[in-house]
Structure formats: structure tokens, C-alpha cells
>>> print(open('work13.txt').read())   # compact mmCIF, C-alpha atoms and all ligand atoms
# COMPACT_ATOMS: atom_id res chain seq x y z
CA MET A 1040 -7.27 10.03 -32.91
CA ASN A 1041 -4.78 9.31 -30.15
CA THR A 1042 -4.37 5.69 -29.09
CA PRO A 1043 -5.35 5.18 -25.47
CA ILE A 1044 -2.64 4.98 -22.79
CA PRO A 1045 -4.01 2.89 -19.95
CA LEU A 1046 -3.15 3.48 -16.31
CA LEU A 1047 -1.87 -0.09 -16.23
CA ASP A 1048 -1.50 -2.61 -19.08
CA LEU A 1049 -1.88 -6.13 -17.78
CA GLN A 1050 -2.35 -7.55 -21.30
CA ALA A 1051 1.20 -6.53 -22.23
CA GLN A 1052 2.59 -8.21 -19.14
CA TYR A 1053 0.60 -11.41 -19.70
CA HIS A 1054 1.81 -11.71 -23.27
CA SER A 1055 5.42 -11.46 -22.15
CA ILE A 1056 5.11 -14.40 -19.70
CA LYS A 1057 2.16 -16.32 -21.18
CA LYS A 1058 4.00 -19.55 -21.90
CA GLU A 1059 5.39 -19.93 -18.37
CA VAL A 1060 2.15 -18.89 -16.69
CA ASP A 1061 0.05 -21.27 -18.78
CA GLU A 1062 2.45 -24.13 -18.02
CA ASN A 1063 2.34 -23.47 -14.28
CA ILE A 1064 -1.45 -23.24 -14.25
CA HIS A 1065 -1.67 -26.51 -16.15
CA GLN A 1066 0.56 -28.22 -13.62
CA VAL A 1067 -1.97 -27.38 -10.93
CA LEU A 1068 -4.82 -28.53 -13.16
CA ASP A 1069 -3.02 -31.80 -13.86
CA SER A 1070 -2.46 -32.35 -10.14
CA GLN A 1071 -6.12 -31.47 -9.34
CA TYR A 1072 -4.75 -30.20 -6.03
CA PHE A 1073 -6.41 -26.82 -5.55
CA ILE A 1074 -6.26 -26.14 -1.82
CA MET A 1075 -2.84 -25.37 -0.30
CA GLY A 1076 -0.40 -28.00 -1.63
CA ASP A 1077 2.97 -27.62 -3.33
CA SER A 1078 2.32 -24.52 -5.42
CA VAL A 1079 1.34 -22.55 -2.30
CA LYS A 1080 4.23 -23.92 -0.23
CA ASN A 1081 6.73 -23.17 -2.99
CA PHE A 1082 5.47 -19.62 -3.43
CA GLU A 1083 5.60 -18.97 0.32
CA GLU A 1084 9.22 -20.13 0.38
CA GLU A 1085 10.08 -17.99 -2.65
CA VAL A 1086 8.60 -14.85 -1.05
CA ASN A 1087 10.36 -15.66 2.20
CA ARG A 1088 13.68 -15.73 0.36
CA TYR A 1089 12.81 -12.70 -1.80
CA ILE A 1090 12.13 -10.36 1.08
CA GLY A 1091 14.12 -12.10 3.81
CA ALA A 1092 11.20 -12.69 6.17
CA ASN A 1093 11.15 -15.18 9.03
CA HIS A 1094 7.81 -16.74 8.06
CA SER A 1095 5.54 -16.18 5.04
CA LEU A 1096 2.01 -17.50 4.93
CA GLY A 1097 -0.30 -17.16 1.94
CA CYS A 1098 -3.89 -16.09 2.44
CA ALA A 1099 -6.88 -15.06 0.35
CA SER A 1100 -6.23 -11.29 0.08
CA GLY A 1101 -4.37 -8.33 1.51
CA SER A 1102 -7.49 -7.47 3.49
CA ASP A 1103 -7.41 -10.91 5.12
CA ALA A 1104 -3.69 -10.57 5.82
CA LEU A 1105 -4.50 -7.47 7.91
CA LEU A 1106 -7.38 -9.22 9.63
CA LEU A 1107 -5.25 -12.29 10.42
CA ALA A 1108 -2.47 -10.14 11.90
CA LEU A 1109 -4.96 -8.34 14.15
CA MET A 1110 -6.62 -11.64 15.13
CA ALA A 1111 -3.23 -13.15 15.95
CA ILE A 1112 -2.61 -10.44 18.55
CA ASP A 1113 -6.13 -10.86 19.95
CA ILE A 1114 -7.53 -7.49 18.97
CA GLU A 1115 -11.03 -7.32 20.38
CA PRO A 1116 -13.92 -4.88 20.82
CA GLY A 1117 -12.82 -1.79 22.71
CA ASP A 1118 -9.17 -2.00 21.61
CA TYR A 1119 -7.53 0.81 19.64
CA VAL A 1120 -5.16 0.56 16.67
CA ILE A 1121 -3.23 3.46 15.19
CA THR A 1122 -3.17 3.95 11.42
CA SER A 1123 -3.28 6.43 8.55
CA PRO A 1124 -6.52 8.00 7.29
CA PHE A 1125 -4.99 8.25 3.80
CA THR A 1126 -5.04 4.64 2.62
CA PHE A 1127 -7.27 2.06 1.03
CA PHE A 1128 -10.33 1.23 3.12
CA ALA A 1129 -9.13 -2.28 4.05
CA THR A 1130 -6.50 -0.97 6.49
CA ALA A 1131 -9.03 0.56 8.86
CA GLY A 1132 -11.78 -1.86 7.79
CA ALA A 1133 -9.86 -4.76 9.35
CA ILE A 1134 -9.57 -2.87 12.66
CA SER A 1135 -13.23 -1.96 12.72
CA ARG A 1136 -14.44 -5.43 11.73
CA LEU A 1137 -12.96 -6.80 14.95
CA GLY A 1138 -14.87 -4.20 16.94
CA ALA A 1139 -11.72 -2.16 17.58
CA ILE A 1140 -11.38 1.57 17.00
CA PRO A 1141 -8.98 3.06 14.46
CA ILE A 1142 -6.93 5.93 15.81
CA PHE A 1143 -6.15 7.98 12.74
CA ILE A 1144 -2.93 9.98 12.66
CA ASP A 1145 -2.22 12.45 9.88
CA ILE A 1146 0.38 11.86 7.18
CA GLU A 1147 3.59 13.57 6.09
CA TYR A 1148 2.89 15.95 3.19
CA ASP A 1149 5.83 14.72 1.11
CA SER A 1150 5.74 10.92 1.53
CA PHE A 1151 1.94 10.57 2.03
CA ASN A 1152 2.78 8.12 4.86
CA ILE A 1153 1.83 8.29 8.55
CA ASP A 1154 3.81 10.92 10.45
CA PRO A 1155 5.76 9.40 13.38
CA VAL A 1156 6.01 12.80 15.07
CA LYS A 1157 2.22 12.96 15.20
CA ILE A 1158 1.98 9.37 16.49
CA ARG A 1159 4.23 10.31 19.40
CA SER A 1160 2.36 13.48 20.13
CA PHE A 1161 -0.90 11.47 20.21
CA LEU A 1162 0.54 8.85 22.56
CA GLU A 1163 1.92 11.53 24.86
CA GLY A 1164 -1.56 13.07 25.03
CA LYS A 1165 -0.39 16.29 23.40
CA SER A 1166 -2.41 16.38 20.18
CA GLU A 1167 -5.95 17.61 19.58
CA ILE A 1168 -6.89 14.11 18.42
CA ALA A 1169 -5.65 12.66 21.73
CA LYS A 1170 -8.00 15.02 23.58
CA LYS A 1171 -10.86 13.98 21.34
CA ILE A 1172 -10.38 10.19 21.20
CA LYS A 1173 -9.35 9.65 24.85
CA ALA A 1174 -8.10 6.11 24.33
CA PRO A 1175 -7.00 4.39 27.56
CA LYS A 1176 -3.26 3.64 27.23
CA GLU A 1177 -3.64 -0.08 27.95
CA LYS A 1178 -6.22 -0.42 25.18
CA ILE A 1179 -3.95 0.89 22.44
CA LYS A 1180 -2.47 -2.28 20.98
CA ALA A 1181 -0.81 -1.72 17.62
CA ILE A 1182 0.33 0.61 14.85
CA ILE A 1183 -0.38 -0.14 11.19
CA PRO A 1184 1.93 2.02 9.04
CA VAL A 1185 0.92 1.85 5.38
CA HIS A 1186 3.69 1.91 2.78
CA LEU A 1187 1.67 3.93 0.31
CA TYR A 1188 2.21 3.95 -3.47
CA GLY A 1189 5.33 1.74 -3.07
CA GLN A 1190 7.39 3.78 -0.61
CA MET A 1191 7.95 2.68 2.97
CA SER A 1192 6.87 4.62 6.03
CA ASP A 1193 9.60 6.02 8.27
CA MET A 1194 10.06 2.79 10.19
CA ASN A 1195 12.89 3.61 12.65
CA PRO A 1196 10.93 6.18 14.69
CA ILE A 1197 7.79 4.04 14.37
CA MET A 1198 9.62 1.00 15.80
CA ASP A 1199 11.09 3.15 18.60
CA ILE A 1200 7.63 4.43 19.53
CA ALA A 1201 6.19 0.90 19.38
CA LYS A 1202 8.88 -0.34 21.74
CA GLU A 1203 8.40 2.53 24.16
CA PHE A 1204 4.60 2.19 24.26
CA ASN A 1205 4.53 -1.59 23.99
CA LEU A 1206 2.67 -1.77 20.68
CA TYR A 1207 2.74 -4.33 17.89
CA VAL A 1208 3.65 -3.08 14.43
CA ILE A 1209 1.73 -4.46 11.45
CA GLU A 1210 3.16 -3.17 8.16
CA ASP A 1211 0.49 -2.68 5.51
CA ALA A 1212 2.78 -3.54 2.61
CA ALA A 1213 -0.09 -4.23 0.20
CA GLN A 1214 1.38 -1.74 -2.30
CA SER A 1215 5.03 -2.29 -1.50
CA ILE A 1216 6.46 -5.70 -2.22
CA GLY A 1217 10.17 -5.23 -2.88
CA SER A 1218 10.47 -1.67 -1.58
CA THR A 1219 13.18 -1.07 0.99
CA TYR A 1220 13.94 1.13 3.99
CA GLN A 1221 17.61 1.39 4.93
CA ASN A 1222 18.25 -1.80 2.98
CA ARG A 1223 15.47 -3.69 4.78
CA ASN A 1224 12.48 -5.01 2.90
CA ALA A 1225 8.87 -4.02 3.43
CA GLY A 1226 7.26 -6.61 5.68
CA THR A 1227 10.43 -7.55 7.59
CA ILE A 1228 10.71 -4.71 10.09
CA GLY A 1229 7.47 -4.86 12.07
CA ASP A 1230 5.92 -7.90 13.76
CA PHE A 1231 3.82 -8.59 10.67
CA GLY A 1232 3.80 -7.58 7.00
CA CYS A 1233 0.59 -7.73 4.98
CA PHE A 1234 0.78 -8.08 1.20
CA SER A 1235 -1.89 -7.92 -1.47
CA PHE A 1236 -1.60 -9.61 -4.84
CA PHE A 1237 -4.74 -7.93 -6.23
CA PRO A 1238 -4.32 -8.08 -10.03
CA SER A 1239 -3.25 -4.44 -10.37
CA LYS A 1240 -0.52 -4.66 -7.73
CA ASN A 1241 3.14 -4.79 -8.86
CA LEU A 1242 3.01 -8.51 -8.14
CA GLY A 1243 -0.55 -9.23 -9.19
CA ALA A 1244 -2.41 -12.54 -9.24
CA TYR A 1245 -5.21 -13.42 -11.67
CA GLY A 1246 -7.80 -12.93 -8.96
CA ASP A 1247 -7.62 -12.15 -5.24
CA ALA A 1248 -4.59 -13.30 -3.26
CA GLY A 1249 -2.50 -12.16 -0.31
CA LEU A 1250 0.29 -13.09 2.06
CA ILE A 1251 1.34 -12.32 5.59
CA THR A 1252 4.89 -12.27 6.95
CA VAL A 1253 5.45 -12.89 10.63
CA LYS A 1254 8.56 -12.30 12.70
CA ASP A 1255 7.81 -14.43 15.76
CA SER A 1256 7.49 -18.24 15.32
CA ARG A 1257 4.70 -18.58 17.86
CA LEU A 1258 2.59 -15.90 16.15
CA ALA A 1259 3.36 -17.43 12.75
CA GLU A 1260 1.96 -20.73 13.94
CA LYS A 1261 -1.13 -18.94 15.22
CA VAL A 1262 -1.67 -17.24 11.83
CA ASP A 1263 -1.22 -20.62 10.15
CA ILE A 1264 -4.01 -22.04 12.30
CA LEU A 1265 -6.25 -18.95 12.08
CA ARG A 1266 -6.28 -19.01 8.28
CA LEU A 1267 -7.62 -22.60 8.37
CA HIS A 1268 -10.71 -21.96 10.50
CA GLY A 1269 -8.58 -21.97 13.63
CA ALA A 1270 -8.25 -25.76 13.48
CA LYS A 1271 -5.23 -27.83 14.37
CA PRO A 1272 -5.40 -30.72 13.81
CA LYS A 1273 -8.23 -30.61 11.26
CA TYR A 1274 -11.68 -30.53 12.91
CA HIS A 1275 -10.18 -29.58 16.28
CA HIS A 1276 -10.73 -25.83 16.62
CA LYS A 1277 -8.33 -24.02 18.86
CA TYR A 1278 -9.54 -20.57 17.74
CA VAL A 1279 -12.48 -19.12 15.84
CA GLY A 1280 -10.48 -18.58 12.68
CA ILE A 1281 -11.43 -17.74 9.13
CA ASN A 1282 -11.22 -19.49 5.78
CA SER A 1283 -8.42 -17.60 4.11
CA ARG A 1284 -6.10 -19.70 1.99
CA LEU A 1285 -3.97 -18.67 -0.94
CA ASP A 1286 -5.52 -20.35 -3.98
CA ALA A 1287 -3.20 -22.94 -5.56
CA ILE A 1288 -3.71 -21.59 -9.10
CA GLN A 1289 -2.95 -18.04 -7.97
CA ALA A 1290 0.22 -19.26 -6.22
CA ALA A 1291 1.31 -20.93 -9.47
CA VAL A 1292 0.83 -17.64 -11.37
CA LEU A 1293 2.59 -15.61 -8.69
CA SER A 1294 5.64 -17.92 -8.68
CA VAL A 1295 6.23 -17.11 -12.34
CA LYS A 1296 5.74 -13.38 -11.84
CA LEU A 1297 7.99 -13.19 -8.77
CA LYS A 1298 10.97 -14.09 -10.97
CA TYR A 1299 10.43 -10.88 -12.97
CA LEU A 1300 9.49 -8.60 -10.11
CA ASN A 1301 12.91 -7.00 -9.59
CA GLU A 1302 13.19 -6.17 -13.28
CA TRP A 1303 9.63 -4.73 -13.33
CA SER A 1304 10.13 -2.67 -10.17
CA GLN A 1305 13.42 -1.30 -11.49
CA ARG A 1306 11.69 -0.26 -14.72
CA ARG A 1307 8.87 1.46 -12.80
CA ASN A 1308 11.49 3.33 -10.79
CA GLU A 1309 13.23 4.43 -14.02
CA ILE A 1310 9.93 5.54 -15.54
CA ALA A 1311 9.15 7.61 -12.44
CA HIS A 1312 12.52 9.34 -12.75
CA LEU A 1313 11.95 9.94 -16.43
CA TYR A 1314 8.56 11.52 -15.64
CA ASN A 1315 10.30 13.68 -13.02
CA SER A 1316 12.91 15.00 -15.41
CA LEU A 1317 10.42 15.63 -18.21
CA PHE A 1318 8.11 17.48 -15.84
CA GLN A 1319 11.06 19.53 -14.58
CA GLU A 1320 11.72 20.64 -18.16
CA THR A 1321 8.15 21.96 -18.50
CA GLY A 1322 8.68 24.51 -15.72
CA LEU A 1323 5.43 23.35 -14.10
CA VAL A 1324 7.02 21.95 -11.01
CA SER A 1325 6.66 23.66 -7.67
CA GLU A 1326 8.20 22.98 -4.31
CA TYR A 1327 6.00 23.32 -1.25
CA GLU A 1328 5.44 26.88 -0.18
CA GLY A 1329 3.52 26.91 3.08
CA CYS A 1330 -0.09 25.85 3.33
CA SER A 1331 -2.93 28.32 3.44
CA ASP A 1332 -5.42 25.62 2.49
CA CYS A 1333 -5.08 23.04 5.20
CA GLY A 1334 -3.51 25.20 7.88
CA SER A 1335 -1.03 22.46 8.70
CA GLN A 1336 2.32 23.35 10.17
CA SER A 1337 4.06 21.43 7.48
CA SER A 1338 4.16 23.36 4.27
CA CYS A 1339 2.10 21.41 1.80
CA GLU A 1340 0.74 24.22 -0.36
CA PHE A 1341 1.85 25.31 -3.80
CA PRO A 1342 0.56 27.79 -6.36
CA ASP A 1343 -2.22 27.26 -8.85
CA GLY A 1344 -0.92 26.35 -12.28
CA LYS A 1345 1.86 24.26 -10.80
CA ILE A 1346 2.27 20.60 -9.94
CA VAL A 1347 4.13 18.82 -7.16
CA LEU A 1348 6.04 15.67 -8.03
CA PRO A 1349 6.19 12.58 -5.83
CA LYS A 1350 9.08 12.79 -3.42
CA GLU A 1351 11.46 10.01 -2.51
CA THR A 1352 11.93 10.26 1.24
CA THR A 1353 12.71 6.86 2.78
CA GLY A 1354 12.80 5.43 -0.74
CA ALA A 1355 15.67 7.64 -1.90
CA PRO A 1356 18.87 5.81 -2.92
CA GLU A 1357 20.93 8.06 -0.62
CA GLU A 1358 18.76 6.78 2.26
CA ASN A 1359 19.47 3.19 1.13
CA GLY A 1360 15.83 2.91 0.19
CA PHE A 1361 13.98 1.81 -2.90
CA HIS A 1362 10.62 3.08 -4.14
CA ILE A 1363 8.82 0.52 -6.30
CA TYR A 1364 6.36 3.13 -7.67
CA HIS A 1365 3.19 1.12 -7.42
CA GLN A 1366 1.73 4.52 -8.29
CA TYR A 1367 3.25 7.66 -9.74
CA THR A 1368 1.19 10.33 -8.04
CA ILE A 1369 1.44 14.06 -8.60
CA ARG A 1370 -0.43 16.89 -6.93
CA ILE A 1371 -2.30 19.67 -8.68
CA LYS A 1372 -4.91 22.14 -7.42
CA ASN A 1373 -7.42 21.53 -10.20
CA ARG A 1374 -7.14 17.78 -9.91
CA ASP A 1375 -10.64 16.98 -11.13
CA GLY A 1376 -10.12 19.25 -14.15
CA LEU A 1377 -6.90 17.45 -15.04
CA SER A 1378 -8.58 14.08 -14.64
CA GLU A 1379 -11.36 15.05 -17.08
CA PHE A 1380 -8.80 16.44 -19.51
CA LEU A 1381 -6.75 13.23 -19.43
CA ASP A 1382 -9.92 11.14 -19.83
CA SER A 1383 -10.82 13.12 -22.94
CA ASP A 1384 -7.32 12.45 -24.31
CA LYS A 1385 -7.70 8.73 -23.45
CA ILE A 1386 -4.90 8.83 -20.90
CA GLY A 1387 -5.48 6.60 -17.89
CA ASN A 1388 -5.52 8.27 -14.50
CA ALA A 1389 -6.95 7.56 -11.07
CA VAL A 1390 -7.47 9.19 -7.71
CA TYR A 1391 -6.15 7.24 -4.75
CA TYR A 1392 -7.99 8.27 -2.53
CA PRO A 1393 -10.64 10.95 -2.93
CA VAL A 1394 -12.16 10.57 0.55
CA PRO A 1395 -9.91 10.05 3.58
CA LEU A 1396 -11.06 7.32 5.92
CA HIS A 1397 -11.95 9.45 8.96
CA ILE A 1398 -14.89 10.98 7.10
CA GLN A 1399 -16.22 7.78 5.54
CA GLU A 1400 -19.88 7.26 6.41
CA CYS A 1401 -19.26 3.91 8.13
CA PHE A 1402 -16.73 5.52 10.48
CA LEU A 1403 -18.81 8.54 11.50
CA LYS A 1404 -19.57 6.69 14.75
CA PHE A 1405 -15.95 7.30 15.80
CA ARG A 1406 -16.71 11.05 15.79
CA TYR A 1407 -13.86 12.24 13.59
CA GLN A 1408 -14.63 15.34 11.53
CA LEU A 1409 -13.47 17.22 8.49
CA GLY A 1410 -10.51 19.30 9.66
CA ASP A 1411 -9.08 16.61 11.94
CA PHE A 1412 -6.37 15.55 9.46
CA PRO A 1413 -5.60 18.55 7.28
CA VAL A 1414 -2.73 17.06 5.30
CA SER A 1415 -4.69 13.94 4.34
CA GLU A 1416 -7.68 16.08 3.43
CA CYS A 1417 -5.57 18.44 1.34
CA ILE A 1418 -3.85 15.64 -0.52
CA SER A 1419 -7.09 13.73 -1.13
CA ARG A 1420 -8.27 16.81 -3.06
CA GLN A 1421 -5.03 17.25 -5.01
CA SER A 1422 -3.50 13.87 -5.83
CA ILE A 1423 -3.80 12.12 -9.16
CA SER A 1424 -1.96 9.00 -10.33
CA LEU A 1425 -0.62 8.78 -13.87
CA PRO A 1426 0.09 5.72 -16.05
CA ILE A 1427 2.98 3.63 -14.81
CA TYR A 1428 3.86 0.05 -15.69
CA PRO A 1429 7.06 -1.61 -16.93
CA GLU A 1430 5.95 -1.81 -20.57
CA LEU A 1431 5.07 1.92 -20.82
CA LYS A 1432 6.96 3.39 -23.77
CA GLU A 1433 8.98 6.60 -23.75
CA GLU A 1434 6.77 8.21 -26.39
CA GLU A 1435 3.75 7.43 -24.20
CA ILE A 1436 5.46 9.02 -21.18
CA ASP A 1437 6.14 12.10 -23.37
CA ARG A 1438 2.48 12.21 -24.33
CA VAL A 1439 1.32 12.08 -20.71
CA VAL A 1440 3.68 14.92 -19.75
CA ASP A 1441 2.56 16.96 -22.77
CA ALA A 1442 -1.08 16.47 -21.85
CA VAL A 1443 -0.53 17.68 -18.27
CA ASN A 1444 1.42 20.65 -19.61
CA LYS A 1445 -1.30 21.46 -22.12
CA PHE A 1446 -3.98 21.32 -19.43
CA VAL A 1447 -2.12 23.65 -17.07
CA ASN A 1448 -1.52 26.14 -19.90
CA LEU A 1449 -5.08 26.05 -21.25
C1 LIG A 1501 -2.94 -0.12 1.28
C2 LIG A 1501 -3.79 -1.34 1.04
N1 LIG A 1501 -4.15 -2.10 2.08
C3 LIG A 1501 -4.89 -3.20 1.91
C4 LIG A 1501 -5.31 -3.61 0.67
C5 LIG A 1501 -6.20 -4.77 0.56
O1 LIG A 1501 -5.74 -5.77 -0.29
P1 LIG A 1501 -6.75 -6.71 -1.09
O2 LIG A 1501 -7.40 -5.92 -2.15
O3 LIG A 1501 -5.86 -7.78 -1.62
O4 LIG A 1501 -7.71 -7.24 -0.10
C6 LIG A 1501 -4.93 -2.86 -0.45
C7 LIG A 1501 -5.25 -3.26 -1.83
O5 LIG A 1501 -6.22 -3.17 -2.43
C8 LIG A 1501 -4.17 -1.69 -0.27
O6 LIG A 1501 -3.82 -0.93 -1.31
>>> encode(input="work13.txt", output="C-alpha cells", more="lines below")
Ligand SMILES: Cc1ncc(COP(=O)(O)O)c(C=O)c1O
Amino acid sequence: MNTPIPLLDLQAQYHSIKKEVDENIHQVLDSQYFIMGDSVKNFEEEVNRYIGANHSLGCASGSDALLLALMAIDIEPGDYVITSPFTFFATAGAISRLGAIPIFIDIEYDSFNIDPVKIRSFLEGKSEIAKKIKAPKEKIKAIIPVHLYGQMSDMNPIMDIAKEFNLYVIEDAAQSIGSTYQNRNAGTIGDFGCFSFFPSKNLGAYGDAGLITVKDSRLAEKVDILRLHGAKPKYHHKYVGINSRLDAIQAAVLSVKLKYLNEWSQRRNEIAHLYNSLFQETGLVSEYEGCSDCGSQSSCEFPDGKIVLPKETTGAPEENGFHIYHQYTIRIKNRDGLSEFLDSDKIGNAVYYPVPLHIQECFLKFRYQLGDFPVSECISRQSISLPIYPELKEEEIDRVVDAVNKFVNL
């Protein structure tokens, strides 16, 4: 019987840092100071230095970081915010919770990130979606590019568009702490960066936790107030804020883990490259060959019996980028078949994300339909993430590659 290979092994990581983590947690327990305090302040300063942000403010989750950024720029009912339909729900959930309307723009077939060319064509009123959504120009307030799976969106054209159309940029960097774009860190290019420390993230807490980076000092102060019920000083409420503080115990855990993050991200990057070369040796790998399935102009199709490997676009070293491989995600036509096969071989796998956001039941009111975002729809049928974590052993990587190979040649 094969031993299981999990998608992520948090036990292995905990055992490697247990002593330090336990000590840091006990310091908080000894202080009995659980709300804000030194452990939160120290962690905020450490992240600020790590990514080179202007201001870093802890909060309760990545979802709250997005909400706080949108609240800080006064997003209100009837406003519109541009984002990707191929992301975790929270990205568009934050927009919708404030009564605003998400404008979905399709993704690039190779990076899985929002396509700046399609953002421009929307804003210039040239795309089919622009004809359908009919958003008044003055109501479109921001763009939220999502740095999916650990690779940054193409930020230069996005920042140019934002400048031209007077839009804020909120980077959803929930999956991308430490990834870079032209030597600049995720969360330092736009007006805001939103990070999640959900336990399975590359920098994961032992519960929910998040952080928001802010470029402008005035907006940073507003986020600082908004996360504390909008009060400053205490009991004097300037805004209707929320209760979203980074838990002191989580901050103490995260401070330990941050010291190892570079090493872990580097190892994930090496593992991804090892997967790539082993898959290349199997002869299973296809390049894109023009899409009959989704009808998109970009060629995102490939033959049955082949796989497509994740591509480093902005994250390529020759682009001065770095991909932290939060996920190692391949594409295959019979994705559900492969998933079942890997399950039966006890190899962890997951589908991020099987249903793009524009066709989620709660967003039907926005009148998007199947067919609106062909690349996202195509990839949501074909993508599957394989085990990746720093402690993954080479023989386990071999076994995953063998299993995929065996499935395709069944
Ligand atoms: C792209 C993306 N955005 C937002 C979030 C929300 O973060 P959290 O789970 O910390 O609320 C996540 C993580 O789950 C995510 O992957």
C-alpha cells in the first residue's frame, strides 16, 4: 500500500519550528496581552521590511483586508470594481458586500491572471462585456488584480490603465507573499496589497489572519481606524468600521515563520521546476495549440492525452520576477478523471477553482452568463493542483509524476 502524499503537509513544517513557535506563543500567554500589542506591532514591522511596503497593518483575514481597502476608498452601493472571475470567492465577495458591482474581466490563458488588454478594451467600451454591463465611467472606482497561485499579475499595464482612467489598484496578494514583478514585491505596486495568512498559505497562521499594505499615509491611517470599529480615539467613531484585528497569538506564530519564508518559497520554486523537468521527460507535455473549446482568440487548447504545465510569465527569472508557487497547477482535459485516479492512489490534489465567479448563484443578479469569460471557464474545467510544499521529497515528486503518467496512458 502506498503511503499518502498530502497536498500540503503542515505537520512537517510545525515539527521543524515547534520550539520557536511554542516559545513565542508562550510569551503572549505570559503577557496576557491578546489584542494588538507588541507581537502584532513587531510582525507588522517585519512584513513592512520584508516586502518593502510603506505601511503594513494586520487584520483578521485576507477577506477583511480586501474589505478594508474597499472601505478606505469609500466604495458604496452602485460603484463598480474590476476583477478576475477566476479567483477565490473573497475577491468579488468583498466588492459585493459593500453593495458594489464586480466587473469581471477574463484572464490570460498562460498566467491565469487578469488580462490587461481586456481591461483596456472594457474601459474603452469595445468589449462585449462593456456593452452588457454598461457601467458609467465615473462609477468605476478600482481594479483588483489577483496574483493567483503565487505569480503576480502583469502590473505595469494595469498601473498605466489605472492612471489613465483614474482608478485605485488593490492587489489581491493573498496567495503571493514574497513573489516579485520586475524586482518589486507583491503588495507594493498598487495603492493597497491584501494578504491572507490562512493556515494553508505559504505564510500560514494557526487560524485566520491577514494584513493590508497601504502606499498613501492618509489612507493607511484610515485603514488603521476602520479596523478598530472606525474609532479614534477609542469610543469616538469617525467611520462605521469593522472589528478586524490581527490576533496577538497569530502574530507571534507568523513572526517565527516569516524568518523561514524565503527558504520555503525558494524550495517550492525548485520543486516546481523539478516537476516541470520530470513531466517533460514523460512526453506528456503540450504547448497551446489554438482553442476549439472556448473559442477565445488566445490559444488555450491542447490535445487530449496531454497536459499543460504552469507557465512563468511575470514570475520568470529573465523578467526579474519570482513565482512562489503557492500552487503547482497543471491542465488536463480529463481533470476529474485524474483527480479520482490520484485520490485512489492517495495523492493529494485539489481544484482551484471549479466554478468561476461570474456564474456563482449569488452573483446571478449581475446578469453574467456562461460564455462571458471563455478562458476562465475553460481553465476551471481543466486545472488541477498537485502536492507542493517545502518538505516534499524527491521520491514523492517522482511518484506524483508517475501517477499522472500512468493515468494518461491507461
Ligand atoms: C485570492 C484570494 N483572495 C482572498 C482570500 C481570502 O483570504 P482569507 O481566507 O484569509 O479570508 C484568499 C484565501 O483564501 C485567496 O486565495
>>> atom_distance(input="work13.txt", atom1="atom CA of A:Gly1117", atom2="atom CA of A:Ala1139")
5.3 Å
>>> closest_atom_pairs(input="work13.txt", of="chain A", to="ligand LIG 1501 (chain A)", cutoff="9 Å", atoms="only C-alpha atoms and all ligand atoms", output="CSV")
residue,atom,partner,partner_atom,distance
A:Ala1099,CA,A:LIG1501,O3,7.6
A:Ser1100,CA,A:LIG1501,O3,3.9
A:Gly1101,CA,A:LIG1501,O1,3.4
A:Ser1102,CA,A:LIG1501,O4,3.6
A:Asp1103,CA,A:LIG1501,O4,6.4
A:Ala1104,CA,A:LIG1501,O4,7.9
A:Leu1105,CA,A:LIG1501,C3,7.4
A:Phe1125,CA,A:LIG1501,C1,9.0
A:Thr1126,CA,A:LIG1501,C1,5.4
A:Phe1127,CA,A:LIG1501,C1,4.9
A:Phe1128,CA,A:LIG1501,N1,7.1
A:Ala1129,CA,A:LIG1501,C3,4.8
A:Thr1130,CA,A:LIG1501,N1,5.1
A:Ala1131,CA,A:LIG1501,N1,8.8
A:Val1185,CA,A:LIG1501,C1,6.0
A:His1186,CA,A:LIG1501,C1,7.1
A:Leu1187,CA,A:LIG1501,C1,6.2
A:Tyr1188,CA,A:LIG1501,O6,8.1
A:Asp1211,CA,A:LIG1501,N1,5.8
A:Ala1212,CA,A:LIG1501,C1,6.8
A:Ala1213,CA,A:LIG1501,C2,4.8
A:Gln1214,CA,A:LIG1501,O6,5.4
A:Ser1215,CA,A:LIG1501,C1,8.7
A:Cys1233,CA,A:LIG1501,C3,7.7
A:Phe1234,CA,A:LIG1501,O1,7.1
A:Ser1235,CA,A:LIG1501,O3,4.0
A:Phe1236,CA,A:LIG1501,O3,5.6
A:Phe1237,CA,A:LIG1501,O3,4.7
A:Pro1238,CA,A:LIG1501,O3,8.6
A:Ser1239,CA,A:LIG1501,O5,8.6
A:Lys1240,CA,A:LIG1501,C7,7.7
A:Asp1247,CA,A:LIG1501,O3,5.9
A:Ala1248,CA,A:LIG1501,O3,5.9
A:Gly1249,CA,A:LIG1501,O3,5.7
A:Leu1250,CA,A:LIG1501,O3,8.9
>>> residues_around(input="work13.txt", residues="stretch 1281-1289 of chain A", least_positions_apart="4", cutoff="10 Å", atoms="only C-alpha atoms", output="VMD selection string")
chain A and resid 1060 1063 to 1068 1071 to 1080 1082 to 1083 1096 to 1100 1103 to 1104 1106 to 1107 1110 1236 1243 to 1250 1263 to 1270 1293 to 1294
>>> closest_residue(input="work13.txt", among="A:Gly1280, A:Gly1410, A:Gly1354, A:Pro1393", to="A:Ser1192", atoms="only C-alpha atoms")
A:Gly1354
>>> closest_residue(input="work13.txt", among="A:Lys1178, A:Lys1404, A:Lys1445, A:His1312", to="A:Leu1206", atoms="only C-alpha atoms")
A:Lys1178
>>> decode(input="work13.txt", residues="stretch 1040-1048 of chain A", atoms="N, CA, C and O atoms", output="short mmCIF file (atom, residue, chain, number, x, y, z; two decimals), in the first residue's frame")
data_model
loop_
_atom_site.label_atom_id
_atom_site.label_comp_id
_atom_site.auth_asym_id
_atom_site.auth_seq_id
_atom_site.Cartn_x
_atom_site.Cartn_y
_atom_site.Cartn_z
N MET A 1040 0.84 -1.21 0.00
CA MET A 1040 0.00 0.00 0.00
C MET A 1040 0.87 1.26 0.00
O MET A 1040 1.78 1.39 0.81
N ASN A 1041 0.62 2.15 -0.92
CA ASN A 1041 1.39 3.39 -0.98
C ASN A 1041 1.09 4.30 0.21
O ASN A 1041 -0.06 4.43 0.62
N THR A 1042 2.14 4.94 0.73
CA THR A 1042 1.87 5.92 1.79
C THR A 1042 1.29 7.18 1.13
O THR A 1042 1.69 7.57 0.03
N PRO A 1043 0.35 7.81 1.85
CA PRO A 1043 -0.28 9.00 1.25
C PRO A 1043 0.72 10.15 1.05
O PRO A 1043 1.66 10.30 1.82
N ILE A 1044 0.52 10.90 -0.02
CA ILE A 1044 1.27 12.15 -0.23
C ILE A 1044 0.23 13.27 -0.15
O ILE A 1044 -0.61 13.39 -1.03
N PRO A 1045 0.29 14.05 0.93
CA PRO A 1045 -0.75 15.10 1.04
C PRO A 1045 -0.49 16.24 0.06
O PRO A 1045 0.62 16.39 -0.46
N LEU A 1046 -1.51 17.04 -0.15
CA LEU A 1046 -1.36 18.24 -0.99
C LEU A 1046 -0.43 19.22 -0.30
O LEU A 1046 0.36 19.93 -0.93
N LEU A 1047 -0.52 19.25 1.02
CA LEU A 1047 0.28 20.16 1.84
C LEU A 1047 0.51 19.47 3.18
O LEU A 1047 -0.43 18.87 3.71
N ASP A 1048 1.73 19.53 3.72
CA ASP A 1048 2.00 18.85 5.00
C ASP A 1048 2.39 19.87 6.07
O ASP A 1048 3.55 20.24 6.21
#
